[in-house]
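The structure file entry.json is reproduced below (JSON, C-alpha atoms).
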```json
[["chain", "number", "residue", "atom", "x", "y", "z"],
["A", 946, "MET", "CA", -5.00, 51.93, -34.49],
["A", 947, "LEU", "CA", -6.55, 52.69, -37.84],
["A", 948, "ILE", "CA", -3.31, 53.67, -39.55],
["A", 949, "ASN", "CA", -2.46, 50.12, -40.65],
["A", 950, "LYS", "CA", -5.99, 49.10, -41.62],
["A", 951, "GLY", "CA", -5.63, 48.12, -45.25],
["A", 952, "THR", "CA", -1.83, 47.73, -45.15],
["A", 953, "THR", "CA", 0.18, 44.55, -45.67],
["A", 954, "ILE", "CA", 3.94, 44.38, -45.19],
["A", 955, "SER", "CA", 5.82, 41.84, -47.28],
["A", 956, "THR", "CA", 9.48, 40.83, -46.94],
["A", 957, "SER", "CA", 11.53, 37.74, -47.76],
["A", 958, "SER", "CA", 11.14, 36.58, -44.13],
["A", 959, "ILE", "CA", 7.60, 37.49, -43.11],
["A", 960, "LEU", "CA", 4.20, 38.74, -44.19],
["A", 961, "LEU", "CA", 2.40, 41.12, -41.81],
["A", 962, "VAL", "CA", -1.32, 41.80, -42.21],
["A", 963, "PRO", "CA", -3.76, 43.86, -40.13],
["A", 964, "TYR", "CA", -5.53, 41.92, -37.38],
["A", 965, "GLU", "CA", -9.04, 41.23, -38.71],
["A", 966, "ALA", "CA", -12.04, 39.37, -37.33],
["A", 967, "SER", "CA", -11.28, 36.48, -39.68],
["A", 968, "HIS", "CA", -8.04, 35.85, -37.76],
["A", 969, "VAL", "CA", -9.69, 35.61, -34.34],
["A", 970, "PRO", "CA", -10.58, 31.87, -34.31],
["A", 971, "THR", "CA", -6.98, 30.85, -35.04],
["A", 972, "TYR", "CA", -5.61, 33.37, -32.56],
["A", 973, "HIS", "CA", -8.07, 32.11, -29.95],
["A", 974, "GLU", "CA", -6.82, 28.54, -30.41],
["A", 975, "TRP", "CA", -3.22, 29.69, -29.95],
["A", 976, "MET", "CA", -4.04, 31.41, -26.69],
["A", 977, "LYS", "CA", -5.49, 28.23, -25.18],
["A", 978, "ASP", "CA", -1.93, 26.91, -24.94],
["A", 979, "GLU", "CA", -0.72, 27.24, -21.35],
["A", 980, "GLN", "CA", 2.90, 27.75, -22.37],
["A", 981, "ILE", "CA", 1.95, 30.62, -24.67],
["A", 982, "GLN", "CA", -0.10, 32.12, -21.84],
["A", 983, "VAL", "CA", 3.00, 32.05, -19.64],
["A", 984, "GLU", "CA", 5.26, 33.45, -22.35],
["A", 985, "THR", "CA", 2.88, 36.32, -23.13],
["A", 986, "ALA", "CA", 1.70, 36.91, -19.54],
["A", 987, "SER", "CA", -1.87, 36.47, -20.80],
["A", 988, "GLU", "CA", -5.08, 35.10, -19.37],
["A", 989, "PRO", "CA", -7.34, 32.89, -21.53],
["A", 990, "LEU", "CA", -10.36, 34.67, -23.02],
["A", 991, "THR", "CA", -13.64, 33.37, -24.37],
["A", 992, "LEU", "CA", -14.14, 33.56, -28.11],
["A", 993, "SER", "CA", -16.54, 36.50, -27.75],
["A", 994, "GLU", "CA", -13.98, 38.30, -25.55],
["A", 995, "GLU", "CA", -11.32, 37.63, -28.17],
["A", 996, "TYR", "CA", -13.50, 39.27, -30.85],
["A", 997, "ALA", "CA", -13.99, 42.27, -28.56],
["A", 998, "MET", "CA", -10.23, 42.45, -28.05],
["A", 999, "GLN", "CA", -9.68, 42.42, -31.81],
["A", 1000, "ARG", "CA", -12.05, 45.37, -32.21],
["A", 1001, "SER", "CA", -10.18, 47.17, -29.44],
["A", 1002, "TRP", "CA", -6.86, 46.65, -31.22],
["A", 1003, "ARG", "CA", -8.38, 48.12, -34.36],
["A", 1004, "THR", "CA", -9.83, 51.28, -32.80],
["A", 1005, "ASP", "CA", -7.69, 52.15, -29.75],
["A", 1006, "VAL", "CA", -5.16, 54.87, -30.54],
["A", 1007, "ASP", "CA", -2.52, 53.41, -28.22],
["A", 1008, "LYS", "CA", -2.33, 49.97, -29.83],
["A", 1009, "LEU", "CA", -0.87, 48.90, -33.17],
["A", 1010, "THR", "CA", -0.83, 45.27, -34.26],
["A", 1011, "PHE", "CA", -0.14, 42.99, -37.20],
["A", 1012, "ILE", "CA", -0.73, 39.27, -37.63],
["A", 1013, "ALA", "CA", 2.46, 37.52, -38.73],
["A", 1014, "CYS", "CA", 2.18, 35.04, -41.59],
["A", 1015, "LEU", "CA", 4.57, 32.95, -43.62],
["A", 1016, "PRO", "CA", 6.27, 35.03, -46.33],
["A", 1017, "LEU", "CA", 4.76, 35.06, -49.80],
["A", 1018, "SER", "CA", 8.00, 33.60, -51.17],
["A", 1019, "SER", "CA", 7.45, 30.43, -49.11],
["A", 1020, "THR", "CA", 4.11, 29.55, -50.68],
["A", 1021, "SER", "CA", 4.90, 29.50, -54.38],
["A", 1022, "SER", "CA", 7.74, 29.98, -56.85],
["A", 1023, "SER", "CA", 5.34, 31.79, -59.19],
["A", 1024, "PRO", "CA", 3.39, 35.01, -58.46],
["A", 1025, "PRO", "CA", 1.07, 34.13, -55.55],
["A", 1026, "ARG", "CA", -2.65, 33.81, -56.20],
["A", 1027, "SER", "CA", -3.20, 36.18, -53.29],
["A", 1028, "ILE", "CA", -1.74, 39.08, -55.29],
["A", 1029, "GLN", "CA", -4.52, 40.68, -57.34],
["A", 1030, "THR", "CA", -2.35, 43.50, -58.66],
["A", 1031, "PRO", "CA", 1.35, 44.29, -58.18],
["A", 1032, "HIS", "CA", 0.47, 46.23, -55.01],
["A", 1033, "GLN", "CA", -2.64, 44.55, -53.61],
["A", 1034, "LEU", "CA", -3.15, 41.46, -51.46],
["A", 1035, "THR", "CA", -6.38, 39.48, -51.35],
["A", 1036, "PRO", "CA", -7.45, 38.74, -47.75],
["A", 1037, "GLY", "CA", -7.95, 35.12, -46.75],
["A", 1038, "ILE", "CA", -5.32, 33.43, -48.92],
["A", 1039, "ALA", "CA", -1.80, 34.35, -47.82],
["A", 1040, "ASP", "CA", -3.20, 35.00, -44.33],
["A", 1041, "SER", "CA", -5.27, 31.82, -44.09],
["A", 1042, "PRO", "CA", -5.13, 29.88, -40.80],
["A", 1043, "SER", "CA", -2.45, 27.57, -42.18],
["A", 1044, "SER", "CA", -0.21, 30.56, -42.98],
["A", 1045, "MET", "CA", -0.70, 32.47, -39.71],
["A", 1046, "ILE", "CA", 2.19, 32.07, -37.26],
["A", 1047, "GLY", "CA", 1.91, 34.85, -34.66],
["A", 1048, "ASP", "CA", 1.60, 38.57, -34.06],
["A", 1049, "VAL", "CA", 3.63, 41.69, -33.34],
["A", 1050, "ASN", "CA", 2.30, 44.59, -31.29],
["A", 1051, "LEU", "CA", 3.09, 48.12, -30.17],
["A", 1052, "PHE", "CA", 1.65, 49.66, -27.00],
["A", 1053, "LEU", "CA", 1.95, 53.43, -26.51],
["A", 1054, "THR", "CA", 1.91, 54.84, -22.97],
["A", 1055, "PRO", "CA", 2.78, 58.22, -21.42],
["A", 1056, "SER", "CA", 6.42, 58.26, -20.41],
["A", 1057, "SER", "CA", 7.31, 58.54, -16.75],
["A", 1058, "SER", "CA", 9.73, 61.32, -17.73],
["A", 1059, "SER", "CA", 7.13, 63.27, -19.69],
["A", 1060, "PRO", "CA", 6.98, 66.88, -18.50],
["A", 1061, "SER", "CA", 3.26, 67.07, -19.12],
["A", 1062, "PRO", "CA", 0.40, 64.57, -18.82],
["A", 1063, "PRO", "CA", -2.08, 64.64, -21.73],
["A", 1064, "SER", "CA", -4.77, 66.41, -19.67],
["A", 1065, "SER", "CA", -2.64, 69.45, -18.81],
["A", 1066, "PRO", "CA", -2.29, 72.67, -20.86],
["A", 1067, "SER", "CA", -0.38, 72.32, -24.11],
["A", 1068, "GLN", "CA", 1.72, 75.45, -23.57],
["A", 1069, "ASN", "CA", 3.84, 77.02, -20.87],
["A", 1070, "HIS", "CA", 2.91, 80.47, -19.58],
["A", 1071, "ASN", "CA", 5.30, 81.97, -22.15],
["A", 1072, "GLY", "CA", 3.58, 80.19, -25.04],
["A", 1073, "THR", "CA", 6.24, 77.51, -25.54],
["A", 1074, "PRO", "CA", 4.65, 74.17, -26.50],
["A", 1075, "ILE", "CA", 4.84, 71.46, -23.85],
["A", 1076, "LEU", "CA", 5.79, 68.16, -25.43],
["A", 1077, "THR", "CA", 4.12, 64.94, -24.30],
["A", 1078, "LEU", "CA", 6.60, 62.07, -24.30],
["A", 1079, "ILE", "CA", 5.35, 58.55, -24.86],
["A", 1080, "THR", "CA", 7.01, 55.14, -24.70],
["A", 1081, "GLY", "CA", 6.43, 52.35, -27.18],
["A", 1082, "GLU", "CA", 6.49, 48.77, -25.91],
["A", 1083, "ILE", "CA", 6.87, 46.00, -28.47],
["A", 1084, "GLU", "CA", 5.58, 42.46, -28.06],
["A", 1085, "LEU", "CA", 6.21, 39.48, -30.34],
["A", 1086, "MET", "CA", 4.68, 36.03, -30.46],
["A", 1087, "ILE", "CA", 5.46, 33.17, -32.82],
["A", 1088, "ALA", "CA", 2.86, 30.62, -31.76],
["A", 1089, "PRO", "CA", 3.36, 27.29, -33.59],
["A", 1090, "LEU", "CA", 6.48, 25.53, -32.33],
["A", 1091, "PRO", "CA", 7.49, 24.27, -35.83],
["A", 1092, "HIS", "CA", 7.84, 27.90, -37.00],
["A", 1093, "ARG", "CA", 10.08, 29.06, -34.16],
["A", 1094, "ARG", "CA", 13.85, 29.49, -34.54],
["A", 1095, "LYS", "CA", 13.51, 29.92, -38.30],
["A", 1096, "GLY", "CA", 14.03, 33.67, -38.52],
["A", 1097, "HIS", "CA", 10.36, 34.60, -38.66],
["A", 1098, "GLY", "CA", 10.43, 36.41, -35.31],
["A", 1099, "ARG", "CA", 13.48, 38.46, -36.26],
["A", 1100, "GLY", "CA", 11.93, 39.19, -39.66],
["A", 1101, "ALA", "CA", 8.68, 40.32, -38.03],
["A", 1102, "ILE", "CA", 10.44, 42.73, -35.67],
["A", 1103, "LEU", "CA", 12.59, 44.21, -38.45],
["A", 1104, "ALA", "CA", 9.57, 44.70, -40.72],
["A", 1105, "PHE", "CA", 7.64, 46.23, -37.81],
["A", 1106, "LEU", "CA", 10.49, 48.59, -36.92],
["A", 1107, "THR", "CA", 10.69, 49.68, -40.55],
["A", 1108, "TYR", "CA", 6.94, 50.39, -40.60],
["A", 1109, "ILE", "CA", 7.08, 52.34, -37.33],
["A", 1110, "SER", "CA", 10.07, 54.37, -38.50],
["A", 1111, "THR", "CA", 8.45, 55.14, -41.87],
["A", 1112, "HIS", "CA", 5.07, 56.11, -40.46],
["A", 1113, "LEU", "CA", 6.06, 57.53, -37.07],
["A", 1114, "PRO", "CA", 4.58, 61.04, -37.68],
["A", 1115, "SER", "CA", 1.19, 59.52, -38.60],
["A", 1116, "ILE", "CA", 1.30, 57.11, -35.64],
["A", 1117, "LEU", "CA", 1.96, 60.00, -33.25],
["A", 1118, "SER", "CA", -0.75, 62.11, -34.88],
["A", 1119, "GLU", "CA", -3.37, 59.39, -34.45],
["A", 1120, "TYR", "CA", -2.34, 58.99, -30.82],
["A", 1121, "ALA", "CA", -2.55, 62.75, -30.25],
["A", 1122, "ARG", "CA", -6.00, 63.09, -31.83],
["A", 1123, "GLY", "CA", -7.35, 60.30, -29.64],
["A", 1124, "GLN", "CA", -6.41, 61.89, -26.31],
["A", 1125, "GLU", "CA", -8.95, 63.69, -24.13],
["A", 1126, "PRO", "CA", -8.68, 66.56, -24.76],
["A", 1127, "PRO", "CA", -6.95, 66.05, -28.13],
["A", 1128, "LEU", "CA", -3.31, 67.09, -28.31],
["A", 1129, "LYS", "CA", -1.97, 69.34, -31.02],
["A", 1130, "GLU", "CA", -0.19, 67.90, -34.03],
["A", 1131, "GLY", "CA", 3.52, 67.74, -33.31],
["A", 1132, "ASP", "CA", 3.17, 67.96, -29.52],
["A", 1133, "VAL", "CA", 3.77, 64.22, -29.01],
["A", 1134, "ARG", "CA", 7.23, 62.66, -29.18],
["A", 1135, "LEU", "CA", 8.31, 59.02, -28.94],
["A", 1136, "GLU", "CA", 10.87, 58.73, -26.14],
["A", 1137, "GLY", "CA", 11.92, 55.25, -27.23],
["A", 1138, "LEU", "CA", 10.98, 51.65, -27.91],
["A", 1139, "ARG", "CA", 11.39, 48.92, -25.33],
["A", 1140, "VAL", "CA", 10.61, 45.28, -24.68],
["A", 1141, "LYS", "CA", 10.02, 43.49, -21.39],
["A", 1142, "ILE", "CA", 11.14, 39.86, -21.42],
["A", 1143, "GLY", "CA", 11.13, 37.25, -18.69],
["A", 1144, "VAL", "CA", 14.62, 36.76, -17.31],
["A", 1145, "GLY", "CA", 14.43, 33.05, -18.15],
["A", 1146, "ASN", "CA", 13.42, 33.56, -21.77],
["A", 1147, "VAL", "CA", 16.95, 33.28, -23.10],
["A", 1148, "GLY", "CA", 15.90, 32.94, -26.74],
["A", 1149, "SER", "CA", 13.85, 36.14, -26.82],
["A", 1150, "LEU", "CA", 16.52, 38.09, -24.95],
["A", 1151, "ALA", "CA", 19.12, 36.98, -27.49],
["A", 1152, "LEU", "CA", 16.80, 37.83, -30.38],
["A", 1153, "PHE", "CA", 16.18, 41.42, -29.30],
["A", 1154, "ARG", "CA", 19.79, 42.00, -28.32],
["A", 1155, "SER", "CA", 20.79, 40.94, -31.83],
["A", 1156, "LEU", "CA", 18.54, 43.71, -33.15],
["A", 1157, "GLY", "CA", 20.07, 46.55, -31.18],
["A", 1158, "PHE", "CA", 18.02, 46.40, -27.97],
["A", 1159, "VAL", "CA", 20.13, 47.01, -24.87],
["A", 1160, "GLY", "CA", 19.45, 47.02, -21.15],
["A", 1161, "LYS", "CA", 20.41, 49.24, -18.27],
["A", 1162, "GLU", "CA", 23.04, 47.71, -16.02],
["A", 1163, "GLY", "CA", 22.37, 47.25, -12.33],
["A", 1164, "LYS", "CA", 24.61, 47.80, -9.35],
["A", 1165, "GLU", "CA", 26.82, 44.82, -10.15],
["A", 1166, "GLY", "CA", 27.12, 45.62, -13.86],
["A", 1167, "LYS", "CA", 24.32, 43.23, -14.76],
["A", 1168, "GLU", "CA", 20.82, 43.85, -16.06],
["A", 1169, "GLU", "CA", 18.48, 43.61, -13.12],
["A", 1170, "PRO", "CA", 14.98, 42.17, -13.65],
["A", 1171, "ASN", "CA", 12.02, 44.13, -12.35],
["A", 1172, "TYR", "CA", 9.58, 43.02, -9.66],
["A", 1173, "PHE", "CA", 7.84, 40.72, -12.17],
["A", 1174, "GLY", "CA", 11.09, 39.03, -13.21],
["A", 1175, "GLU", "CA", 11.33, 40.88, -16.53],
["A", 1176, "VAL", "CA", 14.39, 42.37, -18.17],
["A", 1177, "GLU", "CA", 13.78, 45.71, -19.89],
["A", 1178, "LEU", "CA", 15.65, 46.34, -23.15],
["A", 1179, "TRP", "CA", 15.58, 49.59, -25.18],
["A", 1180, "PHE", "CA", 16.16, 50.04, -28.91],
["A", 1181, "LYS", "CA", 19.28, 52.15, -29.36],
["A", 1182, "GLY", "CA", 18.59, 53.20, -32.95],
["A", 1183, "GLU", "CA", 16.85, 56.34, -34.20],
["A", 1184, "LEU", "CA", 13.38, 56.17, -35.72],
["A", 1185, "GLY", "CA", 11.38, 58.49, -37.93],
["A", 1186, "GLU", "CA", 12.51, 61.23, -40.27],
["A", 1187, "ASP", "CA", 15.36, 62.38, -38.01],
["A", 1188, "GLY", "CA", 16.87, 58.92, -37.92],
["A", 1189, "ASN", "CA", 16.15, 58.20, -41.59],
["A", 1190, "GLY", "CA", 15.83, 54.52, -40.71],
["A", 1191, "ASP", "CA", 19.56, 53.91, -41.26],
["A", 1192, "VAL", "CA", 19.98, 51.58, -38.28],
["A", 1193, "VAL", "CA", 16.89, 49.53, -39.18],
["A", 1194, "ARG", "CA", 17.95, 49.28, -42.81],
["A", 1195, "GLU", "CA", 21.42, 48.09, -41.80],
["A", 1196, "LEU", "CA", 19.86, 45.50, -39.50],
["A", 1197, "ARG", "CA", 17.66, 44.20, -42.34],
["A", 1198, "GLU", "CA", 20.72, 43.88, -44.56],
["A", 1199, "ARG", "CA", 22.76, 42.16, -41.83],
["A", 1200, "TRP", "CA", 20.07, 39.54, -41.22],
["A", 1201, "GLY", "CA", 19.10, 39.03, -44.86],
["A", 1202, "VAL", "CA", 15.58, 40.45, -44.61],
["A", 1203, "GLU", "CA", 15.03, 41.61, -48.19],
["A", 1204, "GLY", "CA", 12.33, 43.17, -50.31],
["A", 1205, "TYR", "CA", 10.41, 45.32, -47.81],
["A", 1206, "GLU", "CA", 7.19, 46.36, -49.54],
["A", 1207, "GLU", "CA", 3.87, 47.75, -48.37],
["A", 1208, "LEU", "CA", 0.83, 46.35, -50.19],
["A", 1209, "VAL", "CA", -2.84, 47.25, -50.01],
["A", 1210, "TYR", "CA", -4.74, 44.69, -47.95],
["A", 1211, "GLY", "CA", -8.10, 44.27, -49.66],
["A", 1212, "GLY", "CA", -9.66, 46.50, -52.26],
["A", 1213, "GLU", "CA", -9.15, 50.05, -51.06],
["A", 1214, "GLU", "CA", -6.61, 52.14, -49.21],
["A", 1215, "VAL", "CA", -7.89, 53.63, -45.99],
["A", 1216, "ASP", "CA", -7.63, 57.30, -45.06],
["A", 1217, "ILE", "CA", -7.39, 58.10, -41.38]]
```
Step by step, read the file and then write its structure as structure tokens.
Amino acid sequence: MLINKGTTISTSSILLVPYEASHVPTYHEWMKDEQIQVETASEPLTLSEEYAMQRSWRTDVDKLTFIACLPLSSTSSSPPRSIQTPHQLTPGIADSPSSMIGDVNLFLTPSSSSPSPPSSPSQNHNGTPILTLITGEIELMIAPLPHRRKGHGRGAILAFLTYISTHLPSILSEYARGQEPPLKEGDVRLEGLRVKIGVGNVGSLALFRSLGFVGKEGKEGKEEPNYFGEVELWFKGELGEDGNGDVVRELRERWGVEGYEELVYGGEEVDI
């Protein structure tokens, strides 16, 4: 997506920056790790394929991603050199390879309960708009082992949820404009946010449950994994203007994630 091009998110726990070509070599090295491949259900790519994937993440209207970096507060007790102005971050310093620790992603797909696929008419015969429901799937990776279990993953998800909640109308608008044929503004709704986690990944399951993600119980009152051995958890909070971000804000306060701020990444803000 283009919406977050030029946007950095800074909190006391994490720094999120848009995924740029300069990040690809480090990301490519992470993805050579067989354990990370298993955890992310990914296949290794060549470096050129990784650059192509980065360009896809930037332009595809159904993908939103940030690179997770160590928080600015962890690099210096004085104002960081990466801050040019009070609201602008210089690329390549706070998001240098030594500061990069992972990524957080959102995939948007048509919901199975949507009453209308994107290619169908946008109105009923009586002129009532037909809403297209979409599902958002979140993925998180903290790659270097020394940076796991230190709150960075939780901080990344909470910052990401705050960004999604704040900018949900614009995210849905970009998705709608990118469909073929384009959908009308306001005709797309987010049904919910979910994660799919391997049943054996106890740490990740505990992390997302601590942030308000819940599963659907099976026949014996237990969450049943799908065919691929994944447990599906859904965020139970409200997002966007209707929800006012209350649940996400309370979660940030509960887990001590302070100082959410959006900075300009680079020299200019980007209009989409």
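For the atom pair formed by CA of Arg1197 in chain A and CA of His968 in chain A, the distance is 27.4 Å, given to one decimal.
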Atom pair CA of Ile1038 in chain A / CA of Glu965 in chain A: separation (Å) = 13.4 Å
message = as a list in words, please: the residues near Ser958 in chain A (cut-off 7 Å, all atoms listed in the file, same-chain neighbours under 5 positions excluded).
response =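 Contacts, in chain order: Pro1016, Gly1096, His1097, Gly1100 and Val1202 of chain A.
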Point-to-point distance from CA of Glu994 in chain A to CA of Trp975 in chain A, Å rounded to tenths =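 The value is 14.5 Å.
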task = Go through A:Leu1184, A:Gln982, A:Arg1099, A:Met976 and flag the residue nearest Gly1148 in chain A, using all atoms listed in the file for the distances.
result = A:Arg1099
query = Contacts of Tyr996 in chain A at 12 Å or less, counting all atoms listed in the file, minus same-chain residues fewer than 4 places along, as a ChimeraX atom specification?
reply = /A:964-973,990-992,1000-1003
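Using only C-alpha atoms for every distance, the candidate list A:Leu1085, A:Met946, A:Leu1106, A:Ile1142 yields A:Met946 as the residue closest to Arg1122 in chain A.
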message = For a cutoff of 12 Å around the file-coordinate point (4.5, 26.8, -24.2), which residues qualify once you count all atoms listed in the file? I'd like the result as an NGL selection string.
response = :A and (975-986 or 1086-1090 or 1093 or 1146)
key: Among the residues A:Ser993, A:Ser1043, A:Ser987, A:Asn1050, the one that comes closest to Ile1109 in chain A [using all atoms listed in the file]   =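 Smallest separation from Ile1109 in chain A among the options: A:Asn1050.
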ask   = Hey, can you pull every residue with an atom no more than 12 Å from (5.2, 58.7, -41.6), using all atoms listed in the file, and send it as a PyMOL selection string?
value = chain A and resi 948-949+1107-1119+1184-1187+1189-1190
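In terms of minimum interatomic distance to Ser1155 in chain A, A:Trp1200 ranks closest within A:Phe1011, A:Trp1200, A:Phe1105, A:Tyr1205, counting only C-alpha atoms.
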inquiry  = Could you check the closest approach to Ser957 in chain A for each of A:Leu1156, A:Ile1012, A:Ile1079, A:Ala1101 and tell me which residue wins, using all atoms listed in the file?
reply    =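 The shortest atom-to-atom distance to Ser957 in chain A comes from A:Ala1101.
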ask   = Using all atoms listed in the file, which residue out of A:Asp1048, A:Glu1130, A:Glu1168, A:Glu1175 lies closest to Leu960 in chain A?
value =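 Smallest separation from Leu960 in chain A among the options: A:Asp1048.
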